[in-house]
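Next comes coords_38.txt, a file with compact mmCIF, C-alpha atoms.
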```
# COMPACT_ATOMS: atom_id res chain seq x y z
CA MET A 1 6.23 61.07 35.41
CA PHE A 2 9.88 60.49 36.28
CA ASP A 3 10.41 61.38 39.92
CA LEU A 4 14.14 61.34 40.61
CA MET A 5 13.95 61.74 44.37
CA TYR A 6 11.29 59.07 44.86
CA ASN A 7 12.99 56.60 42.54
CA THR A 8 16.37 57.11 44.18
CA LEU A 9 15.02 56.61 47.68
CA PHE A 10 12.92 53.63 46.58
CA PHE A 11 15.89 52.03 44.87
CA ALA A 12 18.13 52.76 47.84
CA SER A 13 15.90 51.34 50.47
CA TYR A 14 13.71 48.55 49.16
CA GLY A 15 14.90 45.57 51.16
CA ASN A 16 18.44 46.37 50.14
CA ILE A 17 21.00 45.75 52.87
CA TYR A 18 23.65 47.88 51.14
CA GLY A 19 21.57 51.00 50.40
CA LEU A 20 23.33 53.42 48.08
CA SER A 21 26.80 52.11 48.82
CA ASN A 22 28.56 50.07 46.20
CA ILE A 23 30.24 47.20 48.03
CA SER A 24 32.04 44.79 45.77
CA ILE A 25 32.62 41.83 48.10
CA SER A 26 29.86 39.37 48.98
CA SER A 27 27.73 39.67 52.10
CA PHE A 28 29.35 36.56 53.60
CA ASP A 29 32.77 38.19 53.23
CA VAL A 30 31.43 41.40 54.80
CA LEU A 31 30.09 39.43 57.77
CA LEU A 32 33.37 37.55 58.14
CA ALA A 33 35.38 40.79 57.99
CA TYR A 34 33.17 42.36 60.68
CA ILE A 35 33.68 39.33 62.96
CA VAL A 36 37.44 39.46 62.35
CA THR A 37 37.50 43.20 63.16
CA ILE A 38 35.65 42.69 66.45
CA LEU A 39 37.78 39.72 67.52
CA VAL A 40 41.13 41.31 66.56
CA SER A 41 40.28 44.58 68.32
CA ILE A 42 39.26 42.79 71.54
CA ILE A 43 42.26 40.44 71.52
CA PHE A 44 44.75 43.22 70.75
CA ALA A 45 43.19 45.42 73.44
CA LEU A 46 43.68 42.59 75.94
CA ILE A 47 47.31 42.23 74.79
CA LEU A 48 47.78 45.97 75.47
CA LYS A 49 46.45 45.32 79.02
CA ILE A 50 43.18 47.25 78.62
CA PRO A 51 40.75 45.67 81.13
CA LEU A 52 38.04 43.42 79.66
CA LEU A 53 35.13 45.12 81.45
CA PRO A 54 34.70 48.75 82.57
CA SER A 55 34.95 49.49 86.27
CA LYS A 56 31.81 49.20 88.40
CA PRO A 57 29.09 50.46 88.27
CA TYR A 58 29.13 49.39 84.63
CA ARG A 59 26.33 51.65 83.40
CA TYR A 60 27.95 54.90 84.56
CA SER A 61 31.61 54.11 84.00
CA PHE A 62 33.66 56.37 81.74
CA ASP A 63 36.64 53.98 81.71
CA VAL A 64 37.67 52.39 78.45
CA SER A 65 37.64 48.62 78.25
CA ALA A 66 38.22 45.89 75.70
CA ILE A 67 34.55 45.11 75.03
CA TYR A 68 32.93 48.52 75.07
CA PRO A 69 34.48 51.27 73.02
CA THR A 70 37.16 49.30 71.15
CA PRO A 71 34.97 47.10 68.86
CA ILE A 72 32.49 49.98 68.29
CA ILE A 73 35.29 52.23 67.03
CA ALA A 74 36.76 49.37 64.96
CA ILE A 75 33.53 48.38 63.18
CA GLY A 76 32.57 52.05 62.68
CA ILE A 77 35.82 52.86 60.90
CA PHE A 78 35.71 49.58 58.99
CA SER A 79 32.17 50.45 57.79
CA ILE A 80 33.41 53.80 56.49
CA PHE A 81 36.09 51.98 54.44
CA LEU A 82 33.46 49.51 53.25
CA VAL A 83 31.00 52.09 51.95
CA LEU A 84 33.84 53.95 50.24
CA ASN A 85 34.43 50.61 48.48
CA TYR A 86 38.03 50.30 49.62
CA THR A 87 38.49 46.75 50.88
CA PHE A 88 42.15 46.12 49.96
CA MET A 89 43.18 42.48 49.57
CA TYR A 90 41.84 39.05 50.70
CA ASN A 91 38.21 40.27 50.66
CA GLY A 92 38.83 42.88 53.35
CA ILE A 93 40.36 40.56 55.96
CA VAL A 94 43.73 42.36 55.93
CA LEU A 95 42.01 45.72 56.29
CA ALA A 96 39.89 44.32 59.14
CA ILE A 97 43.00 43.15 61.03
CA VAL A 98 44.81 46.48 60.51
CA ILE A 99 41.79 48.50 61.69
CA GLY A 100 41.34 46.23 64.72
CA ILE A 101 44.96 46.76 65.78
CA LEU A 102 44.86 50.52 65.14
CA SER A 103 41.63 50.99 67.09
CA ALA A 104 43.07 49.10 70.08
CA LEU A 105 46.15 51.35 69.93
CA PHE A 106 43.90 54.43 69.73
CA VAL A 107 41.88 53.36 72.76
CA LYS A 108 45.02 52.62 74.77
CA TYR A 109 47.10 55.72 74.03
CA LEU A 110 44.96 58.51 72.52
CA PHE A 111 41.40 58.03 73.80
CA ASP A 112 41.71 60.01 77.03
CA PHE A 113 43.41 62.82 75.12
CA VAL A 114 40.68 63.04 72.46
CA PHE A 115 37.67 62.45 74.77
CA PRO A 116 38.65 63.61 78.26
CA LYS A 117 36.53 62.47 81.19
CA PRO A 118 34.14 65.04 82.69
CA LEU A 119 35.57 66.55 85.86
CA ASP A 120 32.74 65.79 88.24
CA GLY A 121 29.06 64.95 88.17
CA ASP A 122 28.11 68.37 89.50
CA GLU A 123 30.69 70.46 87.70
CA GLY A 124 28.88 70.71 84.39
CA GLU A 125 28.13 74.02 82.76
CA ASP A 126 26.32 76.46 85.00
CA ILE A 127 23.27 78.44 84.01
CA MET B 1 3.17 47.23 52.43
CA ASN B 2 0.73 50.08 52.92
CA GLU B 3 2.70 53.14 53.98
CA VAL B 4 0.40 54.28 56.79
CA ILE B 5 0.20 50.84 58.41
CA GLY B 6 3.97 50.50 58.03
CA ILE B 7 4.60 53.84 59.74
CA ILE B 8 2.31 52.94 62.65
CA ILE B 9 4.00 49.57 63.22
CA ALA B 10 7.46 51.14 62.79
CA ALA B 11 6.57 53.82 65.36
CA ILE B 12 5.57 51.12 67.88
CA LEU B 13 8.79 49.16 67.23
CA CYS B 14 10.95 52.29 67.58
CA TRP B 15 9.13 53.32 70.77
CA LEU B 16 9.72 49.92 72.36
CA ASN B 17 13.34 49.84 71.18
CA PHE B 18 14.39 53.18 72.59
CA VAL B 19 12.35 53.08 75.80
CA ILE B 20 13.57 49.58 76.71
CA VAL B 21 17.24 50.29 75.88
CA ASP B 22 17.24 53.68 77.60
CA THR B 23 15.50 52.36 80.71
CA TYR B 24 17.80 49.36 80.93
CA PHE B 25 20.89 51.57 80.78
CA GLY B 26 19.61 53.70 83.63
CA LEU B 27 18.36 56.97 82.16
CA PRO B 28 15.54 57.31 84.73
CA GLU B 29 17.94 56.62 87.61
CA GLN B 30 20.15 59.68 87.71
CA PRO B 31 20.80 62.82 85.65
CA GLY B 32 23.96 62.71 83.52
CA VAL B 33 24.35 66.51 83.48
CA LYS B 34 22.89 69.46 85.34
CA GLY B 35 20.34 70.31 82.66
CA ALA B 36 18.78 66.85 82.89
CA ARG B 37 18.21 67.26 86.63
CA ILE B 38 16.61 70.68 86.15
CA ILE B 39 14.21 69.29 83.53
CA GLY B 40 13.42 66.31 85.77
CA GLU B 41 12.67 68.48 88.82
CA ASN B 42 10.56 70.81 86.71
CA VAL B 43 8.46 67.93 85.37
CA GLU B 44 8.04 66.61 88.91
CA LYS B 45 6.91 70.04 90.08
CA ARG B 46 4.10 69.99 87.52
CA GLY B 47 2.77 66.71 88.85
CA GLY B 48 4.87 64.25 86.90
CA ASP B 49 7.15 61.45 88.00
CA ILE B 50 10.80 62.22 88.85
CA ALA B 51 12.13 59.10 87.06
CA GLY B 52 10.17 59.94 83.91
CA GLY B 53 11.34 63.55 84.16
CA LEU B 54 14.99 62.51 84.41
CA PHE B 55 14.44 60.20 81.42
CA GLN B 56 13.08 63.13 79.39
CA GLY B 57 15.89 65.41 80.56
CA ASN B 58 18.58 62.90 79.68
CA ILE B 59 17.08 62.44 76.20
CA VAL B 60 17.23 66.19 75.65
CA CYS B 61 20.77 66.63 76.98
CA SER B 62 22.67 63.89 75.17
CA PRO B 63 22.11 61.54 72.23
CA ASP B 64 20.74 58.34 73.76
CA ALA B 65 18.91 55.43 72.20
CA SER B 66 16.23 57.80 70.85
CA ALA B 67 18.73 59.76 68.76
CA GLY B 68 20.56 56.51 68.04
CA THR B 69 17.44 54.92 66.54
CA LEU B 70 16.73 57.97 64.38
CA ILE B 71 20.32 58.31 63.13
CA ALA B 72 20.58 54.56 62.52
CA ALA B 73 17.41 54.69 60.40
CA ILE B 74 18.82 57.58 58.37
CA GLY B 75 22.17 55.81 57.99
CA TYR B 76 20.41 52.62 56.90
CA LEU B 77 18.42 54.57 54.31
CA ILE B 78 21.59 56.01 52.79
CA LEU B 79 24.21 53.30 53.18
CA GLY B 80 22.52 50.07 54.30
CA ILE B 81 23.76 48.06 57.29
CA PRO B 82 27.23 49.71 57.29
CA GLY B 83 25.40 53.03 57.55
CA GLY B 84 23.68 51.88 60.73
CA ILE B 85 27.03 50.86 62.23
CA ILE B 86 28.60 54.20 61.21
CA ALA B 87 25.63 55.84 62.97
CA ALA B 88 26.49 53.91 66.16
CA PHE B 89 30.10 55.16 65.91
CA PHE B 90 28.98 58.78 65.43
CA VAL B 91 26.49 58.52 68.29
CA PHE B 92 29.31 57.25 70.50
CA ILE B 93 31.46 60.29 69.62
CA GLY B 94 28.50 62.60 70.28
CA ASN B 95 27.87 60.92 73.63
CA ARG B 96 31.44 61.40 74.79
CA LEU B 97 31.30 65.07 73.77
CA CYS B 98 28.13 65.44 75.92
CA ALA B 99 29.70 63.93 79.09
CA ASP B 100 27.79 60.67 78.76
CA PRO B 101 29.37 57.18 78.79
CA GLY B 102 27.37 56.32 75.68
CA TYR B 103 26.23 52.76 76.34
CA ALA B 104 22.55 53.50 75.62
CA GLY B 105 23.19 55.37 72.38
CA THR B 106 25.48 52.81 70.76
CA VAL B 107 23.43 49.79 71.84
CA GLY B 108 20.25 51.57 70.72
CA SER B 109 21.56 52.28 67.24
CA LEU B 110 22.89 48.74 66.80
CA THR B 111 19.57 47.19 67.89
CA ALA B 112 17.69 49.64 65.64
CA THR B 113 19.86 48.59 62.68
CA LEU B 114 19.07 44.95 63.47
CA ILE B 115 15.33 45.65 63.73
CA ILE B 116 15.27 47.55 60.41
CA PHE B 117 17.26 44.76 58.73
CA ILE B 118 14.86 42.06 59.97
CA CYS B 119 11.79 44.15 59.07
CA SER B 120 13.11 44.86 55.57
CA PHE B 121 12.27 41.24 54.66
CA VAL B 122 8.56 41.86 55.26
CA GLY B 123 8.41 45.07 53.24
CA PHE B 124 9.29 47.79 55.75
CA THR B 125 11.48 50.56 54.35
CA PRO B 126 13.87 52.73 56.41
CA GLU B 127 11.78 55.84 55.65
CA MET B 128 8.94 54.32 57.67
CA PHE B 129 11.31 53.99 60.62
CA ILE B 130 12.49 57.61 60.29
CA VAL B 131 8.90 58.88 60.38
CA GLY B 132 7.98 56.34 63.07
CA MET B 133 10.86 57.46 65.28
CA VAL B 134 9.85 61.12 64.97
CA ILE B 135 6.31 60.13 66.03
CA ALA B 136 7.69 58.03 68.90
CA ILE B 137 9.78 60.92 70.25
CA LEU B 138 6.74 63.20 69.87
CA THR B 139 4.70 60.98 72.18
CA ILE B 140 7.42 61.23 74.86
CA GLN B 141 8.49 64.86 74.53
CA GLY B 142 5.79 66.70 72.66
CA LEU B 143 2.25 65.87 73.73
CA ASP B 144 1.98 65.75 77.51
CA HIS B 145 5.03 65.78 79.75
CA LYS B 146 3.10 64.86 82.88
CA ARG B 147 1.38 61.70 81.66
CA ALA B 148 4.40 60.60 79.61
CA SER B 149 6.64 60.90 82.68
CA ILE B 150 4.20 58.89 84.82
CA LEU B 151 4.16 56.13 82.17
CA LEU B 152 7.98 56.18 81.95
CA GLY B 153 8.19 56.03 85.74
CA LYS B 154 6.04 52.90 85.78
CA ILE B 155 8.24 51.26 83.14
CA ALA B 156 11.34 52.26 85.15
CA GLU B 157 9.89 50.58 88.23
CA LYS B 158 9.36 47.36 86.28
CA PHE B 159 13.04 47.42 85.27
CA ASN B 160 14.09 48.28 88.84
CA ARG B 161 15.63 51.55 87.64
CA HIS B 162 13.46 54.09 89.49
CA ALA B 163 15.26 57.15 90.85
```

Any chance you could give the structure as structure tokens?
Amino acid sequence: MFDLMYNTLFFASYGNIYGLSNISISSFDVLLAYIVTILVSIIFALILKIPLLPSKPYRYSFDVSAIYPTPIIAIGIFSIFLVLNYTFMYNGIVLAIVIGILSALFVKYLFDFVFPKPLDGDEGEDI
Amino acid sequence: MNEVIGIIIAAILCWLNFVIVDTYFGLPEQPGVKGARIIGENVEKRGGDIAGGLFQGNIVCSPDASAGTLIAAIGYLILGIPGGIIAAFFVFIGNRLCADPGYAGTVGSLTATLIIFICSFVGFTPEMFIVGMVIAILTIQGLDHKRASILLGKIAEKFNRHA
């Protein structure tokens, strides 16, 4: 019997690194574009004078830095472009550079406006 | 691979992934928000461990590596590796909305994506990881708070992250 749901999920998931998305560039190009995105975002963040590491203690710091939120935002947005199958020219390298620069600009100028820091450890919502 | 065996192994892998990442990034050490501290003190009052209680409270109050592993498995099922990375991005946004720096959540989803990718070569499917993660969270939050918190406290001591 033809089971649409089972067949779709089986087709989507069986050892398939792209799932349901229809990516037209090769996996080597995808890997290269990811590395370019990460490097460009970190380098451009350093050019914009965002510190490399968050302030101490590292594990509880809300400060933005070049290695923590910037590459995560860059590769997240780049992945969304990738699964929508929009890679622009030169196998996605140009798009990777543009997204790296834009995410560094976002972290520098807009991040604190979009995600404000919590006021204090004890001033959360009261019950 | 047999589905039942796959789910059991996936549950063990998910459990190790999220407990190690969460403990390393200091969930048992201090509560991120007020609700986490209340849950932790309540678990301690019933005979549990304060570090394990804070761990459980922090899991409830913001998306940490547990939610990251689950969302990464779902993203991998739908969109492949880019889906897992999109999941990390979304978990980061969710973390910042919940007054949490978000290190545990993003690192947890990226490591989960890596684990699912490596395991896909030996016949594991992302569905097994989704079911396995639900079982793994059930063992921490659903069965017995007291014993789970004592176990988590012992793991926290090994990592030098006890409250």

Item to complete: Write down, as a count of residues only, each residue of chain B that has any atom within 6 Å of an atom of chain A, counting all atoms listed in the file.
Response: 13

- Message: Give me, as number ranges by chain, all polymer residues having an atom no more than 12 Å from Val94 of chain A, counting all atoms listed in the file and skipping those fewer than 3 positions away in the same chain.
- Response: A: 32-34, 36-37, 40, 78, 86-91, 97-101

- Contact residues around Ser66 of chain B with only C-alpha atoms at 8 Å, ignoring same-chain residues under 2 positions, as a PyMOL selection string: chain B and resi 18-19+22+59+63-64+68-70+105+108+133+137

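For the pair atom CA of Pro28 of chain B and atom CA of Lys56 of chain A, the interatomic distance is 18.5 Å.
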
Using all atoms listed in the file, which protein or nucleic acid residues come within 10 Å of Ala51 of chain B? Drop anything in the same chain fewer than 3 positions from it, and give the result as a PyMOL selection string. chain B and resi 23+26-31+40-41+43-44+48+54-57+149-157+161-163

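Between atom CA of Thr111 of chain B and atom CA of Val91 of chain B the separation is 13.3 Å.
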
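Straight-line separation from atom CA of Leu48 of chain A to atom CA of Arg96 of chain B: 22.5 Å.
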
Of B:Phe117, B:Gly32, B:Ile38, B:Leu16, the one sitting nearest Gly102 of chain B when using only C-alpha atoms is B:Gly32

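Distances to Phe129 of chain B were evaluated for B:Ala148, B:Lys45, B:Val4, B:Asn58 using all atoms listed in the file, and the minimum falls at B:Val4.
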
Non-local contacts of Gly6 of chain B (12 Å; all atoms listed in the file; under 6 positions in same chain excluded) as a list in words = Ile12, Leu13, Cys14, Ile116, Cys119, Ser120, Val122, Gly123, Phe124, Thr125, Pro126, Glu127, Met128, Phe129, Ile130, Val131 and Gly132 of chain B

Practice problem: Write out as a PyMOL selection string the residues lying within 12 Å of Leu46 of chain A, counting all atoms listed in the file and excluding same-chain residues fewer than 2 positions away. | Solution: chain A and resi 39-44+48-53+64-67+70+101+104-105+107-108
